[in-house]
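Just below is one structure, and these are the notes that go with it.
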Amino acid sequence: MALRINHNFQADFTHANLLKTEGNMNRSLERLATGMRINRAADDAAGLFIADQLKTYAVSLEQGTRNAQDGVSISQIAQGALSEVYNILNDVKAKVIQASNTSDDTSRGQIQQDINSLIDSVAKIFSDTEFNGMELFSNAGTTFTIHYGGRKDQELTMTAAQATAIAGTSTTAGSMVTIDGTGYSIDVTSQTAANATVSTVDALIKAIDDMAAKFGSYQIELEKIISNNQTTRVNTSEAESRIRNVDFAKEMSNFTRNQILMQSGTAMLAQANQLPQLVLQLLR
């Protein structure tokens, strides 16, 4: 057995390994404290890059879902308004049928005045219905672009209907409703005009239903998109978690192992430091 006092290889070797064990234990402590396997790029450069990309996409999907929910709100507001218009037009239809019956023109004039009041309500609904300050039934035709996804060009364009109504101003003036450029005159001041207006109101109600169906289709599409976004976001976040976050059971096992190695390494370093003292026995 060679004995040297200027260089204690055993102590030096044990100390070097003890430092490695200390570094491993400190990393385990850091991971257990933060709950993350990757706390810096040096921990896993490729893993950090992938995890960050997944996180960014998940955040984008979450915002895209909120955008799509705004689109659903637009559709619901429009459908609610059109439902009220439909109910009003049913009252108009009843009055048109009443005016088409044998009656005098004076009575028809009063019915026309009632119809004008109802159409004025329709005009107010068309002009007042909005989302975030943007009119849904503007005569210019408002377009809403819904960016529902986390990538470029993932958009849905919603085209609002062009709808206006002008109520007659007296018992002798009819009202006019215009839907997407088509005018519907509502005049019951004579029996002949009232009879012709029956089919006009039917066509107007159909146009209102078509508008409601269009907004309903937008809502259905957006709700499907929202459902898919939520599923994709959850799975993307889970994929990020598998890469970024620590497995506590595995890391606690590593920490316990390193803790034992630290204790045994410290004890062995003490033993290695005693070896050079054997030289003293040769000097007696």
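Chains: A, B, ... in order of the structure tokens. Residues: from 1 per chain. Ligands: from 1, in order shown.
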
Within 10 Å of Phe255 in chain A, counting only C-alpha atoms, which residues show up once you throw out same-chain ones fewer than 4 positions away? Write them as an mmCIF file with C-alpha atoms, in the first residue's frame, please.
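As a result, selection-v8.cif now contains:
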data_model
loop_
_atom_site.group_PDB
_atom_site.id
_atom_site.type_symbol
_atom_site.label_atom_id
_atom_site.label_comp_id
_atom_site.auth_asym_id
_atom_site.auth_seq_id
_atom_site.Cartn_x
_atom_site.Cartn_y
_atom_site.Cartn_z
ATOM 1 C CA THR A 21 -23.991 14.669 -5.296
ATOM 2 C CA ASN A 24 -27.795 16.840 -7.904
ATOM 3 C CA MET A 25 -29.478 17.236 -4.527
ATOM 4 C CA ASN A 26 -29.731 21.007 -4.965
ATOM 5 C CA ARG A 27 -31.381 20.526 -8.377
ATOM 6 C CA SER A 28 -33.855 18.100 -6.820
ATOM 7 C CA LEU A 29 -34.602 20.603 -4.056
ATOM 8 C CA ARG A 31 -37.545 21.156 -8.659
ATOM 9 C CA LEU A 32 -39.462 20.047 -5.581
ATOM 10 C CA ALA A 249 -42.654 10.763 -6.890
ATOM 11 C CA LYS A 250 -39.633 10.302 -9.141
ATOM 12 C CA GLU A 251 -37.906 13.502 -7.992
ATOM 13 C CA GLN A 259 -29.405 12.731 0.472
ATOM 14 C CA ILE A 260 -28.158 9.269 1.448
ATOM 15 C CA LEU A 261 -25.160 9.656 -0.864
#

Per residue of range 113-201 of chain A within 12 Å of range 230-239 of chain A, record the nearest atom pair and its distance in Å to one decimal, counting only C-alpha atoms, with rows in chain order and ascending residue number, as a Markdown table.
| residue | atom | partner | partner_atom | distance |
| --- | --- | --- | --- | --- |
| A:Tyr148 | CA | A:Gln230 | CA | 11.4 |
| A:Gly149 | CA | A:Thr232 | CA | 10.5 |
| A:Gly150 | CA | A:Arg233 | CA | 10.0 |

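Pairwise distance (CA of Ala68 in chain A, CA of Phe144 in chain A) equals 11.1 Å.
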
List as a PyMOL selection string the protein and nucleic acid residues near Asn67 in chain A, meaning an atom at most 7 Å away when only C-alpha atoms are counted, but skip any in the same chain fewer than 2 places from it. chain A and resi 63-65+69-71+146-148

Store the residues of this selection in a file with C-alpha atoms, as a short mmCIF file (atom, residue, chain, number, x, y, z; two decimals), in the first residue's frame.
data_model
loop_
_atom_site.label_atom_id
_atom_site.label_comp_id
_atom_site.auth_asym_id
_atom_site.auth_seq_id
_atom_site.Cartn_x
_atom_site.Cartn_y
_atom_site.Cartn_z
CA GLN A 63 -58.05 34.09 -26.28
CA GLY A 64 -59.43 32.69 -29.54
CA THR A 65 -62.17 30.99 -27.54
CA GLN A 69 -67.72 33.68 -27.50
CA ASP A 70 -68.04 37.34 -28.54
CA GLY A 71 -69.26 36.07 -31.91
CA ILE A 146 -63.96 36.70 -35.45
CA HIS A 147 -60.37 35.42 -35.00
CA TYR A 148 -61.23 32.18 -33.24
#

Exercise for review: List the neighbours of range 110-114 of chain A out to 8 Å using only C-alpha atoms; skip same-chain residues closer than 4 positions along the sequence, and give me the result as a ChimeraX atom specification.
Suggested key: /A:95-96,99,106,118,168,170-174,187-189

So that I can check the surroundings of Thr200 in chain A, please list as a list of chain:residue names every protein, DNA and RNA residue that reaches within 12 Å of it, counting only C-alpha atoms and ignoring chain neighbours fewer than 2 positions away.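 Surrounding residues, per the criterion: A:Leu89, A:Val92, A:Lys93, A:Val96, A:Ile97, A:Ser175, A:Met176, A:Val177, A:Thr178, A:Thr182, A:Gly183, A:Tyr184, A:Ser185, A:Ile186, A:Asp187, A:Val188, A:Ala193, A:Ala194, A:Asn195, A:Ala196, A:Thr197, A:Val198, A:Asp202, A:Ala203, A:Leu204, A:Ile205, A:Lys206, A:Ala207.
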
Resulting file, chosen residues, C-alpha atoms, as a compact mmCIF listing (two decimals), in the first residue's frame:
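Done, and the output landed in out_26.txt:
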# COMPACT_ATOMS: atom_id res chain seq x y z
CA LEU A 89 -94.91 41.45 -37.59
CA VAL A 92 -99.05 43.58 -38.17
CA LYS A 93 -100.24 40.54 -40.13
CA VAL A 96 -103.59 43.57 -42.30
CA ILE A 97 -106.05 40.66 -42.35
CA SER A 175 -94.97 52.06 -43.92
CA MET A 176 -91.86 50.61 -45.58
CA VAL A 177 -89.48 47.93 -44.35
CA THR A 178 -86.30 47.23 -46.32
CA THR A 182 -85.68 44.59 -50.91
CA GLY A 183 -88.53 46.92 -49.91
CA TYR A 184 -91.80 45.73 -48.35
CA SER A 185 -94.60 48.29 -48.49
CA ILE A 186 -97.33 47.91 -45.87
CA ASP A 187 -100.42 49.83 -46.95
CA VAL A 188 -103.97 48.98 -45.81
CA ALA A 193 -104.06 47.48 -50.99
CA ALA A 194 -104.72 45.57 -47.77
CA ASN A 195 -105.35 42.35 -49.67
CA ALA A 196 -102.07 42.74 -51.59
CA THR A 197 -100.22 43.55 -48.35
CA VAL A 198 -101.13 40.12 -46.90
CA ASP A 202 -95.77 37.00 -45.39
CA ALA A 203 -92.69 37.65 -47.54
CA LEU A 204 -91.34 40.10 -44.95
CA ILE A 205 -91.74 37.57 -42.14
CA LYS A 206 -89.91 35.01 -44.28
CA ALA A 207 -87.06 37.49 -44.82

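Using only C-alpha atoms, the shortest contact distance between Arg244 in chain A and any of A:Arg108, A:His15, A:Arg37, A:Lys224 is found at A:Arg37.
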
task = Can you list, as a PyMOL selection string, all residues belonging to range 92-214 of chain A that DSSP tags as strand (DSSP E or B)?
result = chain A and resi 130-131+134-135+143-147+155-159+163-166+175-179+182-186

Got time to write the residues from that selection, N, CA and C atoms, as a PDB file, in the first residue's frame?
ATOM      1  N   GLU A 130     -77.196  46.665 -31.150  1.00  0.00           N
ATOM      2  CA  GLU A 130     -75.762  46.809 -31.392  1.00  0.00           C
ATOM      3  C   GLU A 130     -74.966  45.844 -30.529  1.00  0.00           C
ATOM      4  N   PHE A 131     -73.690  45.712 -30.859  1.00  0.00           N
ATOM      5  CA  PHE A 131     -72.729  44.983 -30.024  1.00  0.00           C
ATOM      6  C   PHE A 131     -71.477  45.842 -29.900  1.00  0.00           C
ATOM      7  N   MET A 134     -71.310  48.765 -32.220  1.00  0.00           N
ATOM      8  CA  MET A 134     -71.441  48.513 -33.668  1.00  0.00           C
ATOM      9  C   MET A 134     -72.849  48.000 -33.970  1.00  0.00           C
ATOM     10  N   GLU A 135     -73.511  48.670 -34.910  1.00  0.00           N
ATOM     11  CA  GLU A 135     -74.888  48.308 -35.249  1.00  0.00           C
ATOM     12  C   GLU A 135     -74.943  46.960 -35.959  1.00  0.00           C
ATOM     13  N   THR A 143     -69.666  44.279 -40.853  1.00  0.00           N
ATOM     14  CA  THR A 143     -69.005  42.979 -40.925  1.00  0.00           C
ATOM     15  C   THR A 143     -68.181  42.763 -39.661  1.00  0.00           C
ATOM     16  N   PHE A 144     -68.348  41.611 -39.029  1.00  0.00           N
ATOM     17  CA  PHE A 144     -67.592  41.254 -37.830  1.00  0.00           C
ATOM     18  C   PHE A 144     -66.620  40.126 -38.194  1.00  0.00           C
ATOM     19  N   THR A 145     -65.329  40.348 -37.928  1.00  0.00           N
ATOM     20  CA  THR A 145     -64.318  39.324 -38.180  1.00  0.00           C
ATOM     21  C   THR A 145     -63.937  38.693 -36.848  1.00  0.00           C
ATOM     22  N   ILE A 146     -64.223  37.415 -36.689  1.00  0.00           N
ATOM     23  CA  ILE A 146     -63.959  36.696 -35.446  1.00  0.00           C
ATOM     24  C   ILE A 146     -62.704  35.846 -35.628  1.00  0.00           C
ATOM     25  N   HIS A 147     -61.621  36.217 -34.938  1.00  0.00           N
ATOM     26  CA  HIS A 147     -60.373  35.424 -34.999  1.00  0.00           C
ATOM     27  C   HIS A 147     -60.460  34.387 -33.886  1.00  0.00           C
ATOM     28  N   GLU A 155     -60.102  32.576 -39.023  1.00  0.00           N
ATOM     29  CA  GLU A 155     -61.101  33.628 -38.842  1.00  0.00           C
ATOM     30  C   GLU A 155     -62.450  33.211 -39.417  1.00  0.00           C
ATOM     31  N   LEU A 156     -63.490  33.770 -38.847  1.00  0.00           N
ATOM     32  CA  LEU A 156     -64.849  33.610 -39.352  1.00  0.00           C
ATOM     33  C   LEU A 156     -65.432  35.002 -39.546  1.00  0.00           C
ATOM     34  N   THR A 157     -65.932  35.268 -40.754  1.00  0.00           N
ATOM     35  CA  THR A 157     -66.515  36.571 -41.054  1.00  0.00           C
ATOM     36  C   THR A 157     -68.030  36.493 -40.915  1.00  0.00           C
ATOM     37  N   MET A 158     -68.568  37.350 -40.059  1.00  0.00           N
ATOM     38  CA  MET A 158     -70.013  37.417 -39.856  1.00  0.00           C
ATOM     39  C   MET A 158     -70.522  38.706 -40.510  1.00  0.00           C
ATOM     40  N   THR A 159     -71.436  38.554 -41.441  1.00  0.00           N
ATOM     41  CA  THR A 159     -72.010  39.711 -42.126  1.00  0.00           C
ATOM     42  C   THR A 159     -73.388  40.004 -41.546  1.00  0.00           C
ATOM     43  N   ALA A 163     -80.987  46.222 -42.620  1.00  0.00           N
ATOM     44  CA  ALA A 163     -82.425  46.289 -42.360  1.00  0.00           C
ATOM     45  C   ALA A 163     -82.803  47.665 -41.837  1.00  0.00           C
ATOM     46  N   THR A 164     -83.813  48.257 -42.461  1.00  0.00           N
ATOM     47  CA  THR A 164     -84.334  49.551 -42.006  1.00  0.00           C
ATOM     48  C   THR A 164     -85.857  49.521 -42.092  1.00  0.00           C
ATOM     49  N   ALA A 165     -86.472  50.414 -41.376  1.00  0.00           N
ATOM     50  CA  ALA A 165     -87.932  50.535 -41.429  1.00  0.00           C
ATOM     51  C   ALA A 165     -88.305  52.002 -41.297  1.00  0.00           C
ATOM     52  N   ILE A 166     -89.265  52.405 -42.115  1.00  0.00           N
ATOM     53  CA  ILE A 166     -89.758  53.783 -42.060  1.00  0.00           C
ATOM     54  C   ILE A 166     -91.265  53.725 -41.848  1.00  0.00           C
ATOM     55  N   SER A 175     -96.320  52.213 -44.462  1.00  0.00           N
ATOM     56  CA  SER A 175     -94.966  52.059 -43.923  1.00  0.00           C
ATOM     57  C   SER A 175     -94.121  51.246 -44.885  1.00  0.00           C
ATOM     58  N   MET A 176     -92.791  51.327 -44.711  1.00  0.00           N
ATOM     59  CA  MET A 176     -91.863  50.606 -45.578  1.00  0.00           C
ATOM     60  C   MET A 176     -90.780  49.942 -44.732  1.00  0.00           C
ATOM     61  N   VAL A 177     -90.570  48.679 -44.989  1.00  0.00           N
ATOM     62  CA  VAL A 177     -89.480  47.933 -44.351  1.00  0.00           C
ATOM     63  C   VAL A 177     -88.566  47.439 -45.461  1.00  0.00           C
ATOM     64  N   THR A 178     -87.264  47.651 -45.298  1.00  0.00           N
ATOM     65  CA  THR A 178     -86.298  47.232 -46.315  1.00  0.00           C
ATOM     66  C   THR A 178     -85.327  46.231 -45.716  1.00  0.00           C
ATOM     67  N   ILE A 179     -85.213  45.065 -46.340  1.00  0.00           N
ATOM     68  CA  ILE A 179     -84.311  43.997 -45.875  1.00  0.00           C
ATOM     69  C   ILE A 179     -83.348  43.667 -47.013  1.00  0.00           C
ATOM     70  N   THR A 182     -84.311  44.878 -50.443  1.00  0.00           N
ATOM     71  CA  THR A 182     -85.678  44.594 -50.906  1.00  0.00           C
ATOM     72  C   THR A 182     -86.679  45.332 -50.024  1.00  0.00           C
ATOM     73  N   GLY A 183     -87.563  46.139 -50.659  1.00  0.00           N
ATOM     74  CA  GLY A 183     -88.532  46.922 -49.908  1.00  0.00           C
ATOM     75  C   GLY A 183     -89.865  46.201 -49.777  1.00  0.00           C
ATOM     76  N   TYR A 184     -90.492  46.345 -48.618  1.00  0.00           N
ATOM     77  CA  TYR A 184     -91.804  45.731 -48.346  1.00  0.00           C
ATOM     78  C   TYR A 184     -92.742  46.841 -47.889  1.00  0.00           C
ATOM     79  N   SER A 185     -93.659  47.218 -48.788  1.00  0.00           N
ATOM     80  CA  SER A 185     -94.600  48.295 -48.494  1.00  0.00           C
ATOM     81  C   SER A 185     -95.816  47.734 -47.761  1.00  0.00           C
ATOM     82  N   ILE A 186     -96.183  48.368 -46.674  1.00  0.00           N
ATOM     83  CA  ILE A 186     -97.334  47.914 -45.873  1.00  0.00           C
ATOM     84  C   ILE A 186     -98.383  49.024 -45.887  1.00  0.00           C
TER      85      ILE A 186
END

Restricting to only C-alpha atoms, whichever of A:Ala78, A:Val122, A:Ala267, A:Ala45 is closest to Met211 in chain A is A:Ala78

Expressed in Å, the length from CA of Asp209 in chain A to CA of Asn101 in chain A is 27.0 Å
